[in-house]
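Here's input_17.cif, which has mmCIF, C-alpha atoms:
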data_structure
loop_
_atom_site.label_atom_id
_atom_site.label_comp_id
_atom_site.auth_asym_id
_atom_site.auth_seq_id
_atom_site.Cartn_x
_atom_site.Cartn_y
_atom_site.Cartn_z
CA MET A 1 -12.28 59.92 -11.96
CA ASP A 2 -14.55 62.28 -10.03
CA ASN A 3 -12.39 64.91 -8.32
CA ASN A 4 -15.45 66.18 -6.46
CA ALA A 5 -16.04 62.83 -4.74
CA PRO A 6 -16.46 63.25 -1.00
CA LYS A 7 -13.55 62.28 1.21
CA LYS A 8 -13.82 59.08 3.19
CA SER A 9 -15.14 59.54 6.68
CA GLY A 10 -16.21 57.39 9.56
CA ILE A 11 -15.04 56.15 12.92
CA LEU A 12 -12.05 54.22 11.54
CA GLN A 13 -10.85 57.15 9.43
CA ALA A 14 -11.24 59.54 12.36
CA TYR A 15 -9.23 57.14 14.52
CA LEU A 16 -6.44 56.88 11.94
CA ASN A 17 -6.28 60.67 11.51
CA PHE A 18 -6.00 61.35 15.25
CA ASN A 19 -2.47 61.89 16.62
CA VAL A 20 -1.06 58.46 17.51
CA LEU A 21 0.80 59.61 20.63
CA TYR A 22 -2.38 61.15 22.03
CA LYS A 23 -4.18 57.89 21.29
CA ILE A 24 -1.57 55.96 23.24
CA LEU A 25 -1.88 58.39 26.14
CA ILE A 26 -5.66 57.93 26.09
CA GLY A 27 -5.11 54.16 26.01
CA LEU A 28 -2.94 54.51 29.12
CA VAL A 29 -5.66 56.43 30.96
CA ILE A 30 -8.45 54.04 29.94
CA GLY A 31 -6.37 50.98 30.84
CA ALA A 32 -5.37 52.48 34.21
CA ILE A 33 -8.97 53.33 35.14
CA ALA A 34 -10.18 49.88 34.11
CA GLY A 35 -7.36 48.26 36.07
CA VAL A 36 -8.13 50.24 39.25
CA ILE A 37 -11.80 49.28 38.97
CA LEU A 38 -10.88 45.60 38.54
CA ALA A 39 -8.47 45.75 41.49
CA ALA A 40 -11.19 47.28 43.67
CA SER A 41 -13.49 44.45 42.60
CA GLY A 42 -10.92 41.83 43.54
CA VAL A 43 -10.15 40.85 39.93
CA THR A 44 -6.40 40.59 39.29
CA ALA A 45 -6.34 38.81 35.90
CA LEU A 46 -8.00 39.53 32.59
CA PRO A 47 -9.75 36.82 30.54
CA PRO A 48 -7.37 35.19 28.03
CA TRP A 49 -9.26 36.57 25.03
CA ILE A 50 -8.68 40.14 26.29
CA SER A 51 -5.10 39.54 27.44
CA MET A 52 -4.41 38.29 23.91
CA PHE A 53 -4.51 41.88 22.57
CA GLY A 54 -1.59 42.86 24.81
CA THR A 55 0.33 39.75 23.75
CA ILE A 56 -0.18 40.63 20.08
CA PHE A 57 1.32 44.09 20.67
CA THR A 58 4.49 42.78 22.35
CA ARG A 59 4.96 40.14 19.64
CA LEU A 60 4.61 42.81 16.93
CA LEU A 61 7.33 44.87 18.61
CA LYS A 62 9.71 41.92 18.78
CA MET A 63 8.97 41.10 15.14
CA ILE A 64 10.34 44.41 13.81
CA ILE A 65 13.47 44.95 15.93
CA ILE A 66 16.05 43.10 13.78
CA PRO A 67 14.71 44.23 10.34
CA ILE A 68 14.65 47.86 11.56
CA VAL A 69 18.22 47.62 12.86
CA VAL A 70 19.50 46.14 9.59
CA GLY A 71 17.60 48.38 7.19
CA SER A 72 17.99 51.70 8.98
CA LEU A 73 21.63 51.25 10.04
CA VAL A 74 22.85 50.12 6.62
CA VAL A 75 21.10 53.11 5.01
CA GLY A 76 22.28 55.50 7.73
CA ALA A 77 25.91 54.35 7.61
CA SER A 78 26.06 54.28 3.81
CA SER A 79 24.69 57.83 3.69
CA VAL A 80 27.58 59.13 5.81
CA SER A 81 30.55 58.86 3.47
CA PRO A 82 33.93 60.41 4.38
CA ALA A 83 34.68 60.33 0.66
CA ASN A 84 31.79 62.75 0.12
CA VAL A 85 31.91 65.02 3.14
CA GLY A 86 35.62 64.99 4.07
CA ARG A 87 36.82 66.52 7.33
CA VAL A 88 33.48 68.18 8.12
CA GLY A 89 31.50 64.95 7.92
CA ILE A 90 33.89 62.90 10.05
CA ARG A 91 33.95 65.51 12.81
CA VAL A 92 30.19 66.00 12.75
CA VAL A 93 29.51 62.27 13.07
CA ILE A 94 32.04 61.91 15.91
CA ILE A 95 30.65 64.82 17.91
CA TYR A 96 27.07 63.57 17.39
CA LEU A 97 27.97 60.12 18.70
CA LEU A 98 29.93 61.52 21.65
CA THR A 99 27.05 63.76 22.76
CA SER A 100 24.65 60.81 22.41
CA ALA A 101 26.92 58.70 24.64
CA CYS A 102 26.97 61.54 27.18
CA GLY A 103 23.17 61.59 27.02
CA VAL A 104 22.91 57.92 27.95
CA ILE A 105 25.32 58.42 30.85
CA ILE A 106 23.32 61.41 32.14
CA GLY A 107 20.13 59.37 31.85
CA LEU A 108 21.67 56.53 33.88
CA ILE A 109 22.89 59.01 36.52
CA MET A 110 19.41 60.52 36.80
CA ALA A 111 17.93 57.03 37.07
CA ASN A 112 20.30 56.05 39.86
CA ILE A 113 19.53 59.27 41.75
CA PHE A 114 15.73 59.11 41.42
CA GLN A 115 15.49 55.29 41.21
CA PRO A 116 12.05 55.32 39.53
CA HIS A 117 10.21 52.03 39.92
CA ALA A 118 6.71 50.69 40.32
CA ALA A 119 7.55 47.69 42.58
CA LEU A 120 5.81 45.25 40.25
CA GLU A 121 5.66 41.55 41.00
CA ALA A 122 8.72 39.50 40.05
CA VAL A 123 8.94 38.06 36.56
CA THR A 124 9.47 34.43 35.70
CA GLU A 125 12.56 32.49 36.78
CA MET A 126 13.79 32.29 33.21
CA ALA A 127 13.71 36.07 32.79
CA ALA A 128 15.37 36.56 36.17
CA GLU A 129 18.18 34.23 35.12
CA ALA A 130 18.63 36.18 31.89
CA ALA A 131 18.73 39.42 33.89
CA GLY A 132 21.89 38.36 35.68
CA LYS A 133 23.85 37.30 32.61
CA THR A 134 25.46 40.66 31.94
CA ALA A 135 26.65 40.92 35.52
CA ASP A 136 28.90 37.87 35.08
CA VAL A 137 30.50 39.00 31.81
CA SER A 138 33.59 41.25 31.72
CA VAL A 139 33.62 44.37 29.59
CA TRP A 140 36.45 42.88 27.48
CA THR A 141 34.33 39.84 26.69
CA VAL A 142 31.44 42.08 25.67
CA ILE A 143 33.70 44.08 23.34
CA ALA A 144 35.14 40.93 21.77
CA GLU A 145 31.71 39.40 21.28
CA ILE A 146 30.47 42.45 19.37
CA ILE A 147 32.09 40.84 16.32
CA PRO A 148 29.91 37.94 15.12
CA THR A 149 31.38 34.63 14.03
CA SER A 150 28.31 34.07 11.88
CA VAL A 151 26.05 36.86 10.68
CA LEU A 152 23.18 34.46 10.02
CA THR A 153 23.43 33.07 13.56
CA SER A 154 23.38 36.62 14.98
CA LEU A 155 20.26 37.40 12.96
CA VAL A 156 18.48 34.18 13.95
CA ASN A 157 19.42 34.48 17.63
CA GLU A 158 18.62 38.23 17.58
CA THR A 159 22.01 39.16 19.04
CA VAL A 160 21.40 42.89 18.68
CA LEU A 161 24.91 44.25 19.28
CA GLN A 162 26.44 41.90 16.71
CA VAL A 163 23.75 42.79 14.17
CA ILE A 164 24.43 46.50 14.77
CA PHE A 165 28.18 46.01 14.27
CA PHE A 166 27.80 44.11 11.00
CA SER A 167 25.19 46.56 9.69
CA LEU A 168 27.48 49.53 10.36
CA VAL A 169 30.49 47.86 8.71
CA PHE A 170 28.35 46.79 5.75
CA GLY A 171 26.90 50.30 5.38
CA LEU A 172 30.29 52.05 5.59
CA CYS A 173 31.77 49.76 2.93
CA LEU A 174 28.71 50.40 0.77
CA SER A 175 29.22 54.15 1.16
CA PHE A 176 32.73 53.94 -0.32
CA MET A 177 31.54 51.73 -3.17
CA LYS A 178 28.89 54.30 -4.11
CA VAL A 179 31.63 56.83 -4.95
CA SER A 180 33.96 54.35 -6.67
CA ASP A 181 35.67 55.27 -9.95
CA ASP A 182 34.51 51.94 -11.37
CA GLU A 183 31.10 52.41 -12.98
CA ARG A 184 30.14 48.75 -12.43
CA ILE A 185 30.82 48.99 -8.69
CA ARG A 186 28.90 52.28 -8.48
CA THR A 187 25.93 50.69 -10.24
CA ILE A 188 25.72 47.53 -8.15
CA SER A 189 26.31 49.44 -4.89
CA THR A 190 23.53 51.88 -5.75
CA THR A 191 21.25 48.92 -6.43
CA MET A 192 22.18 47.37 -3.07
CA TYR A 193 21.62 50.70 -1.33
CA ASN A 194 18.17 50.93 -2.91
CA VAL A 195 17.35 47.42 -1.63
CA PHE A 196 18.15 48.38 1.98
CA ASP A 197 16.51 51.77 1.55
CA CYS A 198 13.38 49.95 0.44
CA LEU A 199 13.65 47.63 3.47
CA ALA A 200 13.94 50.65 5.78
CA GLU A 201 10.91 52.31 4.17
CA ILE A 202 8.87 49.10 4.41
CA MET A 203 9.75 48.81 8.10
CA MET A 204 8.69 52.43 8.67
CA LYS A 205 5.36 51.58 7.09
CA ILE A 206 4.97 48.54 9.35
CA VAL A 207 5.91 50.60 12.41
CA ARG A 208 3.23 53.16 11.54
CA GLY A 209 0.71 50.33 11.40
CA ILE A 210 1.87 48.90 14.73
CA MET A 211 1.65 52.36 16.32
CA GLN A 212 -1.97 52.58 15.18
CA TYR A 213 -2.63 49.35 17.05
CA ALA A 214 -0.49 50.43 20.04
CA PRO A 215 -3.30 52.22 21.98
CA ILE A 216 -5.26 48.95 22.18
CA GLY A 217 -2.22 46.91 23.26
CA VAL A 218 -1.15 49.57 25.77
CA ALA A 219 -4.66 49.79 27.28
CA VAL A 220 -4.76 46.02 27.85
CA LEU A 221 -1.22 45.78 29.26
CA ILE A 222 -1.73 48.78 31.55
CA CYS A 223 -5.05 47.38 32.72
CA GLU A 224 -3.28 44.17 33.77
CA VAL A 225 -0.57 46.12 35.61
CA PHE A 226 -3.04 48.26 37.56
CA ALA A 227 -5.32 45.28 38.30
CA LYS A 228 -2.40 43.41 39.90
CA ASN A 229 -0.62 46.34 41.57
CA GLY A 230 -3.25 49.04 42.12
CA ALA A 231 -2.96 52.80 41.52
CA LYS A 232 0.39 53.09 43.36
CA VAL A 233 2.28 52.68 40.07
CA ALA A 234 1.10 56.11 38.84
CA GLY A 235 3.60 57.91 41.08
CA ALA A 236 6.44 55.98 39.46
CA LEU A 237 5.56 57.40 36.05
CA LEU A 238 5.74 60.93 37.47
CA THR A 239 9.22 60.13 38.81
CA VAL A 240 10.28 58.88 35.36
CA THR A 241 9.04 62.11 33.78
CA ILE A 242 10.87 64.30 36.31
CA ALA A 243 14.10 62.30 35.93
CA CYS A 244 13.97 62.58 32.12
CA PHE A 245 13.26 66.31 31.99
CA LEU A 246 15.89 67.09 34.61
CA GLY A 247 18.33 65.04 32.53
CA TYR A 248 17.35 67.06 29.44
CA ALA A 249 18.04 70.32 31.29
CA ILE A 250 21.40 69.12 32.65
CA HIS A 251 22.45 67.98 29.18
CA ILE A 252 21.71 71.42 27.72
CA VAL A 253 23.64 73.21 30.47
CA LEU A 254 26.63 70.90 30.84
CA ILE A 255 27.12 69.32 27.41
CA TYR A 256 25.86 72.00 25.02
CA GLY A 257 26.91 74.89 27.23
CA GLY A 258 30.32 73.24 27.67
CA LEU A 259 30.76 72.73 23.93
CA LEU A 260 29.84 76.35 23.19
CA LYS A 261 32.32 77.49 25.84
CA ILE A 262 35.11 75.24 24.52
CA PHE A 263 34.62 76.49 20.95
CA LYS A 264 34.34 80.10 22.19
CA ILE A 265 30.82 80.68 20.88
CA LYS A 266 28.66 83.37 22.51
CA ILE A 267 26.16 81.38 24.54
CA GLY A 268 23.55 84.14 24.81
CA THR A 269 23.65 84.83 21.06
CA PHE A 270 23.38 81.15 20.25
CA PHE A 271 20.39 80.41 22.48
CA LYS A 272 18.58 83.51 21.28
CA GLU A 273 18.45 81.95 17.79
CA ALA A 274 18.09 78.37 19.05
CA ARG A 275 14.95 79.30 20.98
CA THR A 276 12.66 79.14 17.94
CA PRO A 277 13.62 75.63 16.73
CA PHE A 278 13.60 74.46 20.38
CA ILE A 279 10.00 75.56 20.89
CA THR A 280 8.96 74.27 17.45
CA ALA A 281 10.44 70.84 18.18
CA PHE A 282 8.83 70.76 21.63
CA VAL A 283 5.39 71.41 20.16
CA THR A 284 5.64 69.31 16.97
CA ARG A 285 7.78 66.49 18.43
CA SER A 286 9.42 66.08 15.02
CA SER A 287 13.10 66.69 14.26
CA ASN A 288 12.46 66.44 10.52
CA GLY A 289 9.44 68.75 10.73
CA THR A 290 11.55 71.32 12.59
CA LEU A 291 14.39 71.13 10.05
CA PRO A 292 13.45 74.29 8.05
CA THR A 293 13.32 76.30 11.29
CA THR A 294 16.65 74.85 12.45
CA MET A 295 18.26 75.70 9.10
CA THR A 296 16.95 79.26 9.34
CA ALA A 297 18.52 79.57 12.80
CA ALA A 298 21.85 78.26 11.45
CA GLU A 299 21.67 80.78 8.60
CA ASN A 300 20.96 83.60 11.07
CA LEU A 301 23.96 82.48 13.14
CA GLY A 302 26.18 82.86 10.08
CA VAL A 303 26.98 79.20 9.39
CA GLU A 304 27.94 78.46 5.79
CA LYS A 305 25.19 76.61 3.93
CA GLU A 306 27.53 73.85 2.75
CA VAL A 307 27.96 72.86 6.41
CA TYR A 308 24.45 73.15 7.85
CA ALA A 309 22.79 71.73 4.71
CA PHE A 310 24.69 68.52 5.46
CA SER A 311 24.99 68.44 9.25
CA LEU A 312 21.42 69.35 10.24
CA PRO A 313 19.59 66.72 8.12
CA LEU A 314 22.23 64.23 9.27
CA GLY A 315 21.65 65.25 12.89
CA ALA A 316 17.91 64.70 12.48
CA THR A 317 18.82 61.11 11.59
CA ILE A 318 21.68 60.12 13.90
CA ASN A 319 21.82 62.67 16.75
CA MET A 320 19.48 61.46 19.49
CA ASP A 321 20.73 62.95 22.75
CA GLY A 322 17.24 63.32 24.21
CA THR A 323 16.34 59.77 23.24
CA ALA A 324 19.61 58.58 24.78
CA ILE A 325 18.67 60.10 28.15
CA TYR A 326 15.24 58.52 27.83
CA GLN A 327 16.86 55.10 27.23
CA GLY A 328 18.94 55.34 30.39
CA VAL A 329 16.07 56.38 32.67
CA CYS A 330 13.50 54.01 31.22
CA ALA A 331 15.77 50.96 31.12
CA PHE A 332 16.48 51.49 34.84
CA PHE A 333 12.74 51.85 35.49
CA LEU A 334 11.97 48.57 33.74
CA VAL A 335 14.66 46.58 35.54
CA MET A 336 13.96 48.13 38.95
CA SER A 337 10.21 47.68 38.61
CA CYS A 338 10.36 44.04 37.56
CA PHE A 339 13.44 42.74 39.38
CA GLY A 340 13.68 45.03 42.39
CA ARG A 341 17.29 45.95 41.62
CA GLY A 342 19.23 48.57 39.75
CA LEU A 343 21.31 48.06 36.63
CA THR A 344 24.66 46.30 36.91
CA MET A 345 27.80 47.99 35.59
CA GLY A 346 27.80 45.51 32.72
CA GLU A 347 24.20 46.36 31.82
CA MET A 348 24.87 50.11 32.02
CA GLY A 349 27.90 49.74 29.75
CA MET A 350 25.84 47.74 27.26
CA ILE A 351 23.09 50.37 27.31
CA VAL A 352 25.58 53.17 26.58
CA LEU A 353 27.06 51.16 23.70
CA LEU A 354 23.75 49.99 22.26
CA ALA A 355 21.96 53.35 22.44
CA THR A 356 24.94 55.21 20.95
CA LEU A 357 25.47 52.85 18.01
CA ALA A 358 21.74 52.44 17.38
CA SER A 359 21.36 56.21 17.09
CA ILE A 360 22.69 55.96 13.53
CA GLY A 361 19.73 55.65 11.21
CA THR A 362 16.89 55.04 13.65
CA ALA A 363 15.86 58.57 14.55
CA GLY A 364 13.65 58.98 11.49
CA VAL A 365 11.51 55.98 12.37
CA PRO A 366 8.12 56.87 13.88
CA GLY A 367 8.01 55.64 17.46
CA ALA A 368 11.84 55.42 17.44
CA GLY A 369 12.19 55.96 21.19
CA ALA A 370 9.93 53.04 22.08
CA ILE A 371 11.44 50.77 19.42
CA MET A 372 14.98 51.58 20.59
CA LEU A 373 14.00 50.91 24.22
CA ALA A 374 12.72 47.45 23.28
CA MET A 375 15.94 46.84 21.34
CA VAL A 376 18.13 47.99 24.25
CA MET A 377 16.30 45.71 26.68
CA GLN A 378 16.82 42.78 24.34
CA GLY A 379 20.49 43.72 24.05
CA ILE A 380 21.03 43.42 27.82
CA GLY A 381 19.36 40.02 27.93
CA LEU A 382 15.86 41.16 28.94
CA PRO A 383 13.61 40.79 25.89
CA ILE A 384 10.07 42.11 26.28
CA GLU A 385 8.17 38.85 26.12
CA GLU A 386 4.43 38.48 25.80
CA ALA A 387 2.40 37.90 28.97
CA SER A 388 5.29 39.10 31.19
CA VAL A 389 5.27 41.85 33.80
CA LEU A 390 8.16 43.43 31.84
CA ALA A 391 5.74 43.96 28.96
CA GLY A 392 3.34 45.70 31.34
CA ALA A 393 6.09 48.01 32.63
CA TYR A 394 7.09 48.76 29.04
CA ALA A 395 3.50 49.66 28.22
CA MET A 396 3.51 52.12 31.12
CA ILE A 397 6.50 53.91 29.59
CA LEU A 398 4.87 53.88 26.17
CA GLY A 399 1.78 55.46 27.70
CA ILE A 400 3.68 58.62 28.76
CA ASP A 401 5.87 58.65 25.64
CA ALA A 402 4.02 61.67 24.21
CA ILE A 403 5.09 63.77 27.20
CA LEU A 404 8.68 62.54 27.23
CA ASP A 405 8.91 62.94 23.45
CA MET A 406 8.38 66.71 23.67
CA GLY A 407 11.50 67.25 25.75
CA ARG A 408 13.71 64.75 23.97
CA THR A 409 12.87 66.09 20.49
CA ALA A 410 13.58 69.66 21.59
CA LEU A 411 16.91 68.47 23.01
CA ASN A 412 17.77 66.56 19.81
CA VAL A 413 17.19 69.63 17.65
CA THR A 414 19.17 71.91 19.98
CA GLY A 415 22.02 69.39 19.85
CA ASP A 416 22.01 69.40 16.04
CA LEU A 417 22.37 73.19 15.99
CA THR A 418 24.99 73.23 18.76
CA CYS A 419 27.24 70.68 17.06
CA THR A 420 26.83 72.37 13.67
CA CYS A 421 27.89 75.76 15.04
CA CYS A 422 30.85 74.27 16.92
CA ILE A 423 32.20 72.45 13.86
CA ALA A 424 31.63 75.52 11.67
CA LYS A 425 33.54 77.71 14.13
CA ARG A 426 36.37 75.20 14.48
CA LEU A 427 36.90 74.71 10.73
CA GLY A 428 36.30 78.32 9.67
CA PHE A 429 32.89 77.91 8.06
CA LEU A 430 31.31 80.99 9.62
CA ARG A 431 30.45 83.95 7.40
CA ASP A 432 32.17 87.27 8.03
CA ASP A 433 28.90 88.75 9.33
CA SER A 434 28.28 85.86 11.78
CA PRO A 435 27.24 87.01 15.28
CA LEU A 436 29.17 84.02 16.66
CA ARG A 437 32.58 85.48 15.72
#
Just dump the structure as structure tokens.
Amino acid sequence: MDNNAPKKSGILQAYLNFNVLYKILIGLVIGAIAGVILAASGVTALPPWISMFGTIFTRLLKMIIIPIVVGSLVVGASSVSPANVGRVGIRVVIIYLLTSACGVIIGLIMANIFQPHAALEAVTEMAAEAAGKTADVSVWTVIAEIIPTSVLTSLVNETVLQVIFFSLVFGLCLSFMKVSDDERIRTISTTMYNVFDCLAEIMMKIVRGIMQYAPIGVAVLICEVFAKNGAKVAGALLTVTIACFLGYAIHIVLIYGGLLKIFKIKIGTFFKEARTPFITAFVTRSSNGTLPTTMTAAENLGVEKEVYAFSLPLGATINMDGTAIYQGVCAFFLVMSCFGRGLTMGEMGMIVLLATLASIGTAGVPGAGAIMLAMVMQGIGLPIEEASVLAGAYAMILGIDAILDMGRTALNVTGDLTCTCCIAKRLGFLRDDSPLR
């Protein structure tokens, strides 16, 4: 093999090497400009052979939702074993899930205050009928129906909440089997874990491929939206961005500031160290990529390594407060834009439940925010179907995802560090020289 062989180059390779979120943003701009030009020319519909590229993108997204939920949640749940991590692990998981639930609620509050919408044309009668289903169902019925009567039926019918429930139960049972005293059970459970781990990795690979195609699909879908509705929809995207970032700021002040106050941690000292991972996450938009910086901050704050070495990598996987806020705001935007109404109480409750439970295991997936949003919409009875105006509104959100991702990743990382320090202080895992004492 010739080690001096030149590296592959060309237009395709350059495209693949370019940051995918920037490509999607460029796709948004190109699609919007093309749509405005078509609208000015009196053209409101694209030829079927062009519209097909947008349809392909929405079908690809629907294709991966259930396999991603199953693979990532089973792996995520089976990696969080109370038998392994004891009292620290249980408390860390609980506080992560609680802050994520608070994030969804803050996002929904911001959405109801700002009411971002693009006033798109109404969707089909079938979708409108599905939109009202959650309004007629009591919260007790929703809770009872979380438990599936048939797992296979839930998978086939893509009943997301039931699939999430079974995946979590399956994963938790698998986690206990992995630490069994019986060697046979340990062996077979490890094999089963590897199967689902492989599934999760395969789905990540597929998602990366879909995200490479996303700029084309987004450009076509956005073009259709602007051709039908004109440039007025651009202001709605600015409102979504403002609502999300204000929600991020409120979450830091109220939730993280409140936690630090409750656990009697010096807020100024904490944020002085948290500043570096916050900025790093904002720029890189990667919780995993920021992990070394976050661990350094935890070390500087005097947290014992046995705590932060577990809680911070775990937080990069299951703690998605910023993404939770994003779900609340964007779900409202989609419903308001396409149906001309806000979310019902039933839909808001479902969103809180879905986004909180789905936070386990899905954070490490590239494009997790967009995938989770599609999953949440399906969970409230509004699947993103091909050739629907809902798909166009979803593409608009995906187009500004790079901007929203900066804030939500920075918030996620700050939340990991906040929860780690609070648990360490509560359970006595701070070093004697810790500035947080």
Applied to this file, what does the PyMOL selection byres ((chain A and resi 242) around 12) return in terms of residues, put as an MDAnalysis selection string?
chainID A and resid 107 110:111 113:116 235:241 243:249 326 329:330 400 403:404 407
Could you write out as a PyMOL selection string the residues that the PyMOL selection byres ((chain A and resi 320) around 10) matches in the shown file?
chain A and resi 96-97+99-101+103-104+287+315-319+321-326+355-356+358-360+362-363+368-369+408-409+411-413+415-416
Here's a test: counting only C-alpha atoms, identify every protein, DNA and RNA residue with an atom at most 7 Å from (-1.9, 51.1, 35.3) in the file's coordinate frame, and state them as a ChimeraX atom specification.
/A:31-32,35,222-223,225-226,231,233-234,396
With all atoms listed in the file as the atoms that count, which of A:Ala402, A:Val75, A:Leu254, A:Val151 lies nearest to Ser175 of chain A?
A:Val75
Can you sort out the box for segment 207-215 of chain A, edges along x, y and z, all listed atoms in, 8 Å on every side, with centre and edge lengths in Å to one decimal, as AutoDock Vina command-line options?
--center_x 1.3 --center_y 51.0 --center_z 16.7 --size_x 25.2 --size_y 20.3 --size_z 26.6
Got a sec: who's within 8 Å of Pro277 of chain A, counting all atoms listed in the file, leaving out chain neighbours fewer than 6 positions off, as a VMD selection string?
chain A and resid 290 293 to 294 297 410 413 to 414
On this file, the PyMOL selection byres ((chain A and resi 54-58) around 9) gives some set of residues; write that set as a ChimeraX atom specification.
/A:50-53,59-63,210,213-214,216-222,384-388,391-392
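Considering the residues A:Ser154, A:Gln212, A:Cys102, A:Gln13 and counting all atoms listed in the file, Ile351 of chain A has its shortest atom-to-atom contact with A:Cys102.
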